[in-house]
Amino acid sequence: GRTLVLGDGGWGTALALALHRSNCEVAVWGYDNDYAKEVATTRSNPKFLPGVEIPADIVWTGDYDECLEGVEEVYSVIPTQFLRGVLRSFRGRFDDCSFVSATKGLEIDTLQRPSEILVEEAGAQESLVVLSGPSHAEEVAKGMATSLVAASKCEAAAQRVQDRISGPEFRIYTSTDVSGVELGGALKNIIAVAAGVAEGLGLGDNARAALVTRGLVEMARFSVAQGAERETFSGLSGVGDLMVTCWSPHSRNRSLGFRIGSGESLDEILASEEKVAEGVWTCRAVHQAASEQNLELPITARLFSILFEREDPRASVVELMSRPFKSERDPNPC
């Protein structure tokens, strides 16, 4: 049967190409039907992933009936804040489909992970798989070597995705820690924005390395409190995804942070960007949850103040460096 990629952004496009290279029959759905027709005609996606040729046998459409024809498997790549609305527009049309969630983020109002939204709104089952890890769309689309994690409560489902999409340039590992893998993919975007701010301020490599390392501690601290496994954050969906997002020139979250550190306002940046930097909204959601749960996330708290309370980034650095001294080992590992 056909595999449907729900979302025609850069990552959706790259996943469609990876599936196509694995000999899957692929369709891609985009919310803008006129733009989807343009992509289908030109076989390129200049708005979200320029310079990549789309094979003629990948169906590209904004039409519900056309995209769902013969579909057995759905890869959801809709940005988190729009996911619920898109799924509701498809309500009742995903009967008997298996789901793979490849979206990274948390819904602001509910703090729900994308997989939880898929269960609520699309009837996804326990066999749902989460796919995450260090995976810039620009490199995956070109067939460059990439390794990811497929996580599911159902090990057979994760292994099915592993077998289906793996190839010489796309290696998939499996995990049963769904929340850990998913939270790693969401939380690393917060730290990447902060790393970009540090870079924009010209703080140097020492400061950025310290910030990213302590950021990983925050990621694990928050996630373990939500039921995740600490060991997951030593893997591809934790430290692996964090490293690539904090240092790569492809990273939208790092780039947004760099512009903040260079003096631009968040409103100016958001008005100029078509692509979504999930870290901004994830920061708001996680900061709220951490406050409610009495969890100490100092980097997230300072970034929240920079983004949403217009705190001077240099003052935030002073705040972080002036905190009370403590042991490096987490005294409260949850």
# chains A, B, ... in the order shown; residues from 1 in each chain; ligands from 1
>>> residues_around(residues="Phe82 in chain A", least_positions_apart="5", cutoff="12 Å", atoms="only C-alpha atoms", output="list in words")
Leu6, Gly7, Tyr31, Ser76, Val77, Leu87, Arg88, Ser89, Thr103, Gly105, Leu106, Glu107, Ile108, Asp109, Pro114, Ile117, Val276, Glu278 and Trp281 of chain A
>>> write_last_selection(atoms="N, CA and C atoms", output="mmCIF file, in the first residue's frame")
data_model
loop_
_atom_site.group_PDB
_atom_site.id
_atom_site.type_symbol
_atom_site.label_atom_id
_atom_site.label_comp_id
_atom_site.auth_asym_id
_atom_site.auth_seq_id
_atom_site.Cartn_x
_atom_site.Cartn_y
_atom_site.Cartn_z
ATOM 1 N N LEU A 6 2.284 13.399 5.659
ATOM 2 C CA LEU A 6 1.343 14.480 5.978
ATOM 3 C C LEU A 6 2.153 15.723 6.349
ATOM 4 N N GLY A 7 2.317 16.633 5.397
ATOM 5 C CA GLY A 7 3.119 17.822 5.616
ATOM 6 C C GLY A 7 4.183 17.958 4.542
ATOM 7 N N TYR A 31 -1.017 21.605 2.975
ATOM 8 C CA TYR A 31 -2.253 22.319 3.321
ATOM 9 C C TYR A 31 -2.641 23.348 2.270
ATOM 10 N N SER A 76 3.403 11.526 9.923
ATOM 11 C CA SER A 76 2.912 12.865 10.267
ATOM 12 C C SER A 76 4.086 13.800 10.509
ATOM 13 N N VAL A 77 4.152 14.870 9.695
ATOM 14 C CA VAL A 77 5.261 15.824 9.776
ATOM 15 C C VAL A 77 4.715 17.255 9.848
ATOM 16 N N LEU A 87 -5.352 17.420 11.679
ATOM 17 C CA LEU A 87 -5.937 16.097 11.906
ATOM 18 C C LEU A 87 -7.459 16.167 11.958
ATOM 19 N N ARG A 88 -7.989 17.223 12.562
ATOM 20 C CA ARG A 88 -9.441 17.371 12.616
ATOM 21 C C ARG A 88 -10.037 17.553 11.227
ATOM 22 N N SER A 89 -9.290 18.183 10.335
ATOM 23 C CA SER A 89 -9.795 18.351 8.972
ATOM 24 C C SER A 89 -9.842 17.022 8.220
ATOM 25 N N THR A 103 7.181 14.625 13.880
ATOM 26 C CA THR A 103 7.134 16.031 14.275
ATOM 27 C C THR A 103 7.830 16.210 15.617
ATOM 28 N N GLY A 105 8.245 18.725 18.865
ATOM 29 C CA GLY A 105 7.697 19.886 19.561
ATOM 30 C C GLY A 105 6.696 19.466 20.617
ATOM 31 N N LEU A 106 6.119 20.454 21.300
ATOM 32 C CA LEU A 106 5.062 20.247 22.285
ATOM 33 C C LEU A 106 3.969 21.276 22.035
ATOM 34 N N GLU A 107 2.728 20.858 22.170
ATOM 35 C CA GLU A 107 1.615 21.779 21.981
ATOM 36 C C GLU A 107 1.565 22.757 23.162
ATOM 37 N N ILE A 108 1.505 24.051 22.860
ATOM 38 C CA ILE A 108 1.610 25.063 23.922
ATOM 39 C C ILE A 108 0.507 24.916 24.964
ATOM 40 N N ASP A 109 -0.738 24.840 24.523
ATOM 41 C CA ASP A 109 -1.863 24.891 25.459
ATOM 42 C C ASP A 109 -1.976 23.649 26.338
ATOM 43 N N PRO A 114 3.370 15.294 20.065
ATOM 44 C CA PRO A 114 2.652 15.016 18.817
ATOM 45 C C PRO A 114 1.989 13.640 18.782
ATOM 46 N N ILE A 117 -1.303 13.723 20.509
ATOM 47 C CA ILE A 117 -2.321 14.397 19.690
ATOM 48 C C ILE A 117 -2.829 13.449 18.613
ATOM 49 N N VAL A 276 9.135 27.130 10.260
ATOM 50 C CA VAL A 276 8.833 27.165 11.690
ATOM 51 C C VAL A 276 10.054 26.792 12.518
ATOM 52 N N GLU A 278 10.530 25.536 15.969
ATOM 53 C CA GLU A 278 9.704 24.989 17.041
ATOM 54 C C GLU A 278 10.179 25.389 18.437
ATOM 55 N N TRP A 281 8.180 28.131 20.619
ATOM 56 C CA TRP A 281 6.912 27.751 21.259
ATOM 57 C C TRP A 281 7.120 26.643 22.286
#
>>> select_by_dssp(residues="range 98-224 of chain A", states="helix (DSSP H, G or I)", output="count of residues only")
68
>>> closest_residue(among="A:Leu203, A:Ala186, A:Val119, A:Ala156", to="Pro313 in chain A", atoms="only C-alpha atoms")
A:Leu203
>>> residues_around(residues="Glu73 in chain A", least_positions_apart="3", cutoff="9 Å", atoms="only C-alpha atoms", output="PyMOL selection string")
chain A and resi 1-5+96-100
>>> residues_around(residues="Glu231 in chain A", least_positions_apart="5", cutoff="10 Å", atoms="only C-alpha atoms", output="JSON, numbers by chain")
{"A": [177, 180, 220, 224, 238]}
>>> write_last_selection(atoms="N, CA, C and O atoms", output="CSV table (one decimal), in the first residue's frame")
chain,number,residue,atom,x,y,z
A,177,ASP,N,11.2,3.7,24.6
A,177,ASP,CA,11.0,4.9,25.4
A,177,ASP,C,10.4,6.0,24.5
A,177,ASP,O,11.1,6.9,24.1
A,180,GLY,N,10.7,9.6,26.0
A,180,GLY,CA,12.0,10.1,26.0
A,180,GLY,C,12.5,10.5,24.6
A,180,GLY,O,13.1,11.6,24.5
A,220,ALA,N,17.1,16.2,30.3
A,220,ALA,CA,16.9,14.9,31.0
A,220,ALA,C,16.1,15.2,32.2
A,220,ALA,O,15.2,14.4,32.6
A,224,VAL,N,12.6,13.1,32.6
A,224,VAL,CA,12.5,12.0,33.6
A,224,VAL,C,11.3,12.3,34.5
A,224,VAL,O,10.6,11.4,34.9
A,238,GLY,N,18.7,12.3,21.9
A,238,GLY,CA,19.1,13.2,23.0
A,238,GLY,C,20.3,14.0,22.6
A,238,GLY,O,20.2,15.0,21.9
>>> residues_around(residues="range 15-18 of chain A", least_positions_apart="5", cutoff="8 Å", atoms="only C-alpha atoms", output="short mmCIF file (atom, residue, chain, number, x, y, z; two decimals) with C-alpha atoms, in the first residue's frame")
data_model
loop_
_atom_site.label_atom_id
_atom_site.label_comp_id
_atom_site.auth_asym_id
_atom_site.auth_seq_id
_atom_site.Cartn_x
_atom_site.Cartn_y
_atom_site.Cartn_z
CA VAL A 5 3.57 11.95 4.25
CA VAL A 26 4.67 7.71 -1.64
CA ALA A 27 2.16 10.54 -1.58
CA VAL A 28 2.69 13.93 0.08
CA ILE A 54 11.25 15.45 -6.55
CA ILE A 58 5.77 10.81 -5.83
CA ALA A 137 16.23 17.76 5.92
CA VAL A 140 18.51 13.51 4.26
CA ALA A 141 17.09 14.77 0.96
CA GLY A 143 20.90 10.83 0.62
CA ILE A 165 12.89 2.81 5.66
CA PHE A 170 19.54 5.79 6.39
#
>>> closest_residue(among="A:Gly10, A:Pro249, A:Pro298, A:Gly167", to="Ser147 in chain A", atoms="only C-alpha atoms")
A:Gly167
>>> closest_residue(among="A:Gly185, A:Gly204, A:Pro324, A:Gly261", to="Lys104 in chain A", atoms="only C-alpha atoms")
A:Gly185
>>> closest_residue(among="A:Glu116, A:Asp32, A:Glu126, A:Glu139", to="Cys154 in chain A", atoms="only C-alpha atoms")
A:Glu126
>>> atom_distance(atom1="CA of Glu319 in chain A", atom2="CA of Met243 in chain A")
24.3 Å
>>> atom_distance(atom1="CA of Val129 in chain A", atom2="CA of Glu155 in chain A")
9.3 Å
